[in-house]
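Novice: Let me begin by handing over the structure; questions about it come next.
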Number of protein chains: 2
Amino acid sequence: MKDLWSISTAEHTDGKETIMRRGNVYQIANGYMGYRGTLDEFTSEQLVGITLAGIFDRVGPAWREPVNAPNGGFTSVSLGGAELSALGNKVTRHRQTLRFGNALFERQTSFAFKGTTLTVRSARFLSAETPNLGVIRFSITCSRAATVTVRTGIDGNIWDLNGPHLLGLAATRRDSVLFVEGRTNESSKRVAVAETADIDFGKVTYESRGNRSLRVVHLRAEAGTTYTFHKYFAVFTDNDAVRGSVAEAAIETVLQARSLGYEDCLARHGARWQEKWNRSDVTIEGDDEAQLALRYSILQLLMVAPVKGSANSIPARALSGQVYKGAIFWDTEMFMFPFFIHTYPEKAVELMRYRIKTLDGARRKAKTEGRGYRGAFYAWESQETGDDACTYYNIGDPSTGRALRTYFRDKQVHISGDVAIAMWDYFRLTGDDSLLLEGGAEVILECARFYYSYAYYKDEKRRYEILDVIGPDEYHERVNNNAFTSMVAKETFTIAIATVNHLRRRHPKELRTLLKKLRIEGELPAFRDAARRLFIPGADAKTGIIEQFDGYLGLRESSVKELKARMIHPDEYLGAGQGLAVPTKIIKQADVVMMLNLFRTRFSAEIKRANWEYYEPRTEHGSSLSACAYAMVAAEFGNLDFAYKYFLKTAKIDLEAKYKVYVGSVFMGGSHPAANGGAWMTAVLGFGGVHADEKRVAINPRLCRKWRRLQFHLAYKGDDFRMNITKNSVTVASSRANTRVHAVLVAGKPVKCSPGRPVTVRYRQAR
Amino acid sequence: MKDLWSISTAEHTDGKETIMRRGNVYQIANGYMGYRGTLDEFTSEQLVGITLAGIFDRVGPAWREPVNAPNGGFTSVSLGGAELSALGNKVTRHRQTLRFGNALFERQTSFAFKGTTLTVRSARFLSAETPNLGVIRFSITCSRAATVTVRTGIDGNIWDLNGPHLLGLAATRRDSVLFVEGRTNESSKRVAVAETADIDFGKVTYESRGNRSLRVVHLRAEAGTTYTFHKYFAVFTDNDAVRGSVAEAAIETVLQARSLGYEDCLARHGARWQEKWNRSDVTIEGDDEAQLALRYSILQLLMVAPVKGSANSIPARALSGQVYKGAIFWDTEMFMFPFFIHTYPEKAVELMRYRIKTLDGARRKAKTEGRGYRGAFYAWESQETGDDACTYYNIGDPSTGRALRTYFRDKQVHISGDVAIAMWDYFRLTGDDSLLLEGGAEVILECARFYYSYAYYKDEKRRYEILDVIGPDEYHERVNNNAFTSMVAKETFTIAIATVNHLRRRHPKELRTLLKKLRIEGELPAFRDAARRLFIPGADAKTGIIEQFDGYLGLRESSVKELKARMIHPDEYLGAGQGLAVPTKIIKQADVVMMLNLFRTRFSAEIKRANWEYYEPRTEHGSSLSACAYAMVAAEFGNLDFAYKYFLKTAKIDLEAKYKVYVGSVFMGGSHPAANGGAWMTAVLGFGGVHADEKRVAINPRLCRKWRRLQFHLAYKGDDFRMNITKNSVTVASSRANTRVHAVLVAGKPVKCSPGRPVTVRYRQAR
């Protein structure tokens, strides 16, 4: 039986690009940091990266990007004076494995050199219990007695796209603890790495060469004996609220871990992972390929979920490196948040706290962008302060080398509504209004205020309009009345009013304080008016088509193929005002269909089908966010084969790592947590047919052909459920620990679910 | 003493480009048609063109353009069997002259061949009395007896940019009258040319070869005898309201002219020209260069002024060819109309009738453009129907060969206001409200309606805004709150209300009919509201700078030089969204300064100076319309040296013909009637300091250094004035035929001017 809880490969050497891709596929992370899936002996040349969450830096005129920490996981081995590397020609066997169950990376490599075979084994994890901690077990076995040198410690030669970010890197040692500290260039934040190892063989000396602080073990290895040691490294920065210095915190952490020992550290880490999987795993019977890909996707999301209390969010390329500036995009709210809110609300809340933390940045952006707006205009590319990392010239023209003006930053205004919708969903689906009081209500009101200041009133038509925007389809910039954007803006007004109504009922005092602080009470009637009268393009009475924006239907018909044939340069961008797609109906990614998905209870299956059928052939799927939106809507109106195809495409994106990774000389690769979230959504919300709102959970499954059974967990209003779906039955198991009876709507039938008493409903799958 | 009533050149042969340029410089026209300044023996190869006003055609996917008529002016001469051409190597002497007084083109060329010198002399004019008629005197003199063959008739091999436009060209003859007729490709309009000649020497035969219908005169020329004949050709099209066929009309016209004879035709033509000059000439004492250039400019305008009753207007390249699609731009209202309304209202009214005639086209454009508007959105490039000839991809990128999306057509909305302002000015300055009743009021109301449907209301700011436009500076597309555009739109609302008020007082019945026809009465309160509350960017309290559009002042500083240095291709366009000027403050042409000029009584000299000084160094003057706007404003705040420099640049543009004429292989040359009008405006309104409004004429002269005396005519409210300005006195001579006493404000002093009684006022010129 196939192992559906790990991936592994026996390939050991390859070109730089494959090494880089594999670094993404085999990465591990714990929310605090990500460690790319590179091997112990690799260096910055092989794109080793320990990317930290929530700490950014800028050098010169280049982009701000997240800081990579000095590599405390470095170990290299020399045999008879020759340094061994899995990239060298001495490798006889290699296998590397990523275990999903506890996010453990393992490698085993045998080297043959002058008649001796030396086998290296290592395992590493980033602690799920102690976010600052990384733990590695490393062992060596020689087939014959040999002189072996092991160098292990901290490699400060770190990979940076636009570095160096750490200045004044100084290496020191306290007994067996190696220690490196530097300060970021821009805001002088300390980043400290400590490392220790329990080496009980050979003779240990220390060396410090070119930013490497190493422990050198000189060993006369006996034949057949396995020499094992454990390494513990910890990263701390000034972002960590520690008593005393970050240096002391790092040193203390590795010493504690070392005294606990590898096995105990691993056990505690594993227990945390068990809990994660208990909440979030999805099992699919009858389709191993889908099962593996989906579980891998879920692993990615669980690994990069922010640390509790960090108020960090998840960047568009997660913690797989510095690509996309380590920035948080709408991806998080629209494609990752649903996974967390439905399975792991404690992580969902952190994502929302990040938006509360960056509210002032959004206010600054509103004030300074364009003609100056009010309220909160969230950054298109958001870093730690919420100021926008997106540039106005965000894409290069490969033919001329000139930067192209794009309007992502100043016109992709749907971001604020995406945030407001997620904020409200947290309350709707958990029933927990503490987040609203913590700042969530303020975010929502400021987003509504922003849209009101952005909107214009069209007197002749007695309606507000949202003009001059970019919708999710970025190939058509500066359009008017974009369906997705306007819908999101209108929803924001509705949510703002609902927020005020809720607070008025439940927290009148806090509401008064908030309204006073924002001086916004006088604006509420305007929000109410806009919630009623903001214009949304309607479905055509005859065709059901919703026009993506004013004038879209008048654009020229074309095909992705035709456009590609007309390209002058293979990396040519199809948008940015003069791009080949601009005069045509070809869109980059789901836009109207994304709206149908986001507001799925408000449109009939007929409308969904009509628009899906219209827009899908006109979509390039040039974004990894596109396929799952089409898959979900296809599942809803019953095109299950298509939904499955797109589901699989989405679920396998990071596993197969076939995406483009270099544009010119710029590294663009990295993982796709939004697609990971999209895969989960398609499986559970799409095929599982789950729809939860403030009133109840509804399930209307449409399992795809291959799937015999689909099981998953669901968190709803503080309670937990386990769903077990077959082609003709749904079993809802309300957890024994749940506090109340829930009414669940199964295939249109209301069912009462009491704690500890599973209910099975038979249904006939709609086709 | 220098002749300031003609230009001439003795150069006889040159490259194709010079021939083409000279064709512009020496062109003649009579409103009905233009005849390029080419020589009798030239053919389509040398860009001979007889371009007709108001008749357009399209072939295939190419641009619609005006129709060129078969050349009824063709004559070639052979000596001893060898065809003579001024471009050949037999030329010993050549001189060609354009006489301003009666728009007469003359040439004299001597050829030497095998010991014989043959001199050709010709003179031609397009009749100012009979618009369809062209008349030529042609003579030959040989130094020795020689065998000469003269071929004269109609050359149907016509020059077309995107032709051929005349299908089924058939040549026939009726006695001595040659006749060619064809039909336009698109709408099958007949175009007929008849020609006859009074040849009383040699032996005449006829030949028809390859679209040429010729009379061949075989002559044994005696030494020293001059053989002279006269040619008469006439062009008629289905646009001419003739009884019977256009063929008959053409034949009848040439026969009548022939029976009248050359001298009589010329005398009648000359009398008409005398009248034109009496109305429009400007004399400058002390500056022959300026005098010649200005008079040449006035000649150009007088030549291309539309024929009475034609309801034609003046294309941006006049009748010098098919460049710019023969289209009418805002140039006409903003740069040419002022000359006519101040000197020749009978021509001004024709320009306005053209806009009335094309109102339905403007309505169609409003309905179909963008999201669909109401009212009248005049074409950016207007032909006979008022439908827009401008394409959405109006400029090519020379590097990629791709067409660039430009927004001239759909976003340069100031055109409708330009029309409304001129329409109202006709009434204001003539006192004649018949044009309003003829359709002018309807135009104005429909323009206001258009702006109301284009404008949005910004609730928070209690104001209307005009969003997403291009101002005169076309390098910055899709901007908000462009000062020029918003000012023009606001003025349109004001004019609409004033129009209704006037009609209510004077023509209540016609008003009722109009309001009913347009169903517009309910919209008038909205127009009144918009006239008050439409937002115009104000002058900064400290600097006096008016921001050209939202965000302009935040753009990057640069210089034209810097941009040119960065160009990849010499013909690279600096605008169109991704052009080099777009992110910078570099503008193509006067925009805020154009507004200060158009609304010059509403801004102080300080504001004018501040903005002029700010914008001028940032202006490329990439349009021929720019220099005169800067010159006029400079004259107003007293930078006379600068004003003079730019005046001269503007006045000499067509005379020197140094502009760019080819872009790639596309011919772009032609004359610049807007600059001609700009030269007149700078002289009379700028240096002369004339400002007329509905109440009175004011004069506040600021003569430039060189000018000792400036004299010109002025038409105002049906009366005529002659102004005589020196550095310290102004004499206003109210024509003896005037009907009433006018109060004229001279240098701030009110003066009563009675018919036939010149008044002189001394003044001190402000510096």
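Each chain in the structure tokens gets a letter, A, B and so on, in the order shown; residues start at 1 in every chain, and ligands are counted from 1 in the order they appear.
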Kindly assemble as a Markdown table a list of the chain A residues that lie within 7 Å of chain B, each paired with its nearest atom pair and their distance in Å to one decimal, using only C-alpha atoms, sorted first by chain and then by ascending residue number.
Specialist:
```
| residue | atom | partner | partner_atom | distance |
| --- | --- | --- | --- | --- |
| A:Gly370 | CA | B:Gly551 | CA | 6.7 |
| A:Arg371 | CA | B:Asp550 | CA | 6.1 |
| A:Leu404 | CA | B:Gln578 | CA | 6.4 |
| A:Arg405 | CA | B:Gln578 | CA | 6.4 |
| A:Tyr456 | CA | B:Lys458 | CA | 5.4 |
| A:Tyr457 | CA | B:Tyr457 | CA | 5.0 |
| A:Lys458 | CA | B:Tyr456 | CA | 5.4 |
| A:Asp459 | CA | B:Tyr457 | CA | 6.9 |
| A:Asp550 | CA | B:Arg371 | CA | 6.0 |
| A:Gly551 | CA | B:Arg371 | CA | 6.6 |
| A:Gly577 | CA | B:Gly577 | CA | 6.5 |
| A:Gln578 | CA | B:Arg405 | CA | 6.4 |
```
Novice: At a cut-off of 7 Å, using only C-alpha atoms, what residues contact range 684-694 of chain B? Leave out same-chain residues fewer than 2 positions from it and give the result as a ChimeraX atom specification.
Specialist: /B:428-429,632,635-636,680-682,696-704
Novice: Output C-alpha atoms of each residue in that selection to a file, as a compact mmCIF listing (two decimals), in the first residue's frame.
Specialist:
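The new file result-v9.txt reads:
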```txt
# COMPACT_ATOMS: atom_id res chain seq x y z
CA ARG B 428 -21.69 86.80 -28.00
CA LEU B 429 -19.41 88.55 -30.47
CA MET B 632 -0.26 84.75 -25.85
CA ALA B 635 2.24 88.68 -23.87
CA GLU B 636 -0.42 89.11 -21.24
CA TRP B 680 -3.02 85.78 -35.82
CA MET B 681 -4.26 85.39 -32.24
CA THR B 682 -0.84 86.15 -30.83
CA ARG B 696 -17.66 95.42 -25.48
CA VAL B 697 -14.27 95.39 -27.11
CA ALA B 698 -11.27 96.12 -24.91
CA ILE B 699 -7.76 96.85 -26.15
CA ASN B 700 -4.74 96.76 -23.97
CA PRO B 701 -1.76 96.65 -26.33
CA ARG B 702 1.68 95.36 -25.49
CA LEU B 703 3.61 95.76 -28.72
CA CYS B 704 6.79 93.78 -28.86
```
Novice: Just how far from CA of Leu625 in chain B is CA of Leu445 in chain B, in Å to one decimal?
Specialist: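 Spanning CA of Leu445 in chain B to CA of Leu625 in chain B is a straight-line distance of 27.9 Å.
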Novice: Would you mind writing down, as an NGL selection string, each residue of range 325-555 of chain B that DSSP on the backbone assigns to helix (DSSP H, G or I)?
Specialist: :B and (325-326 or 331-343 or 345-357 or 359-368 or 408-411 or 414-430 or 434-454 or 459-461 or 483-506 or 508-518 or 521-533 or 552-554)
Novice: Using DSSP secondary structure from the backbone, list all strand (DSSP E) positions within range 492-715 of chain B, as a ChimeraX atom specification.
Specialist: /B:662-663,666-667,690-692,697-699,709-715
Novice: Might you pull out every residue within 8 Å of range 407-414 of chain A, with only C-alpha atoms counted and same-chain residues fewer than 2 positions away left off, and present them as a list in words?
Specialist: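 Here the answer would be Glu369, Gly370, Phe377, Tyr378, Ala379, Trp380, Glu381, Asp388, Cys390, Thr391, Tyr392, Arg405, Ser416, Gly417, Asp418, Asp468, Val469, Ile470, Gly471, Pro472, Glu474, Glu477, Arg478, Phe484, Thr485, Ser486, Val488, Ala489 and Ala576 of chain A.
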Novice: Could you check the closest approach to Leu84 in chain A for each of A:Glu384, A:Glu613, A:Glu207, A:Glu41 and tell me which residue wins, using only C-alpha atoms?
Specialist: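 Smallest separation from Leu84 in chain A among the options: A:Glu41.
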Novice: Tell me, as an MDAnalysis selection string, which residues lie within 8 Å of Thr205 in chain A, counting only C-alpha atoms; anything in the same chain fewer than 6 positions away does not count.
Specialist: chainID A and resid 215:217
Novice: At a cut-off of 7 Å, using only C-alpha atoms, what residues contact Thr92 in chain A? Leave out same-chain residues fewer than 3 positions from it and give the result as a ChimeraX atom specification.
Specialist: /A:110-112
Novice: Write a file of the just-selected residues containing C-alpha atoms, as a PDB file, in the first residue's frame.
Specialist:
```
ATOM      1  CA  SER A 110      26.196   7.276   0.733  1.00  0.00           C
ATOM      2  CA  PHE A 111      29.480   8.442  -0.648  1.00  0.00           C
ATOM      3  CA  ALA A 112      32.204   6.223  -2.074  1.00  0.00           C
TER       4      ALA A 112
END
```
Novice: Quick one: residues within 12 Å of Leu563 in chain A, only C-alpha atoms counted, chain neighbours fewer than 5 positions away excluded, as number ranges by chain?
Specialist: A: 556-558, 568-570, 572-575, 579-587, 618-620
Novice: Restricting it to C-alpha atoms, dump the selection as an mmCIF file, in the first residue's frame.
Specialist:
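Saved file out-v3.cif follows:
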```cif
data_model
loop_
_atom_site.group_PDB
_atom_site.id
_atom_site.type_symbol
_atom_site.label_atom_id
_atom_site.label_comp_id
_atom_site.auth_asym_id
_atom_site.auth_seq_id
_atom_site.Cartn_x
_atom_site.Cartn_y
_atom_site.Cartn_z
ATOM 1 C CA ARG A 556 -12.132 41.439 -29.122
ATOM 2 C CA GLU A 557 -12.431 37.651 -29.048
ATOM 3 C CA SER A 558 -9.122 35.875 -28.979
ATOM 4 C CA ILE A 568 7.735 38.882 -29.247
ATOM 5 C CA HIS A 569 9.469 37.676 -26.091
ATOM 6 C CA PRO A 570 8.573 34.521 -24.145
ATOM 7 C CA GLU A 572 6.323 39.217 -22.278
ATOM 8 C CA TYR A 573 3.622 40.419 -19.888
ATOM 9 C CA LEU A 574 0.154 40.361 -21.391
ATOM 10 C CA GLY A 575 -1.276 43.228 -19.343
ATOM 11 C CA GLY A 579 -0.147 44.099 -23.390
ATOM 12 C CA LEU A 580 -1.556 41.682 -25.928
ATOM 13 C CA ALA A 581 -4.454 40.616 -23.711
ATOM 14 C CA VAL A 582 -5.655 44.151 -22.980
ATOM 15 C CA PRO A 583 -7.809 44.684 -26.075
ATOM 16 C CA THR A 584 -9.166 41.140 -25.891
ATOM 17 C CA LYS A 585 -11.480 39.127 -23.683
ATOM 18 C CA ILE A 586 -8.595 36.970 -22.516
ATOM 19 C CA ILE A 587 -8.296 37.251 -18.750
ATOM 20 C CA ARG A 618 -11.179 32.994 -22.055
ATOM 21 C CA THR A 619 -9.015 32.500 -18.988
ATOM 22 C CA GLU A 620 -5.273 32.047 -19.205
#
```
Novice: Would you mind reading off the distance between CA of Ile158 in chain A and CA of Arg183 in chain A, one decimal, in Å?
Specialist: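 Computed distance, CA of Ile158 in chain A to CA of Arg183 in chain A, equals 14.0 Å.
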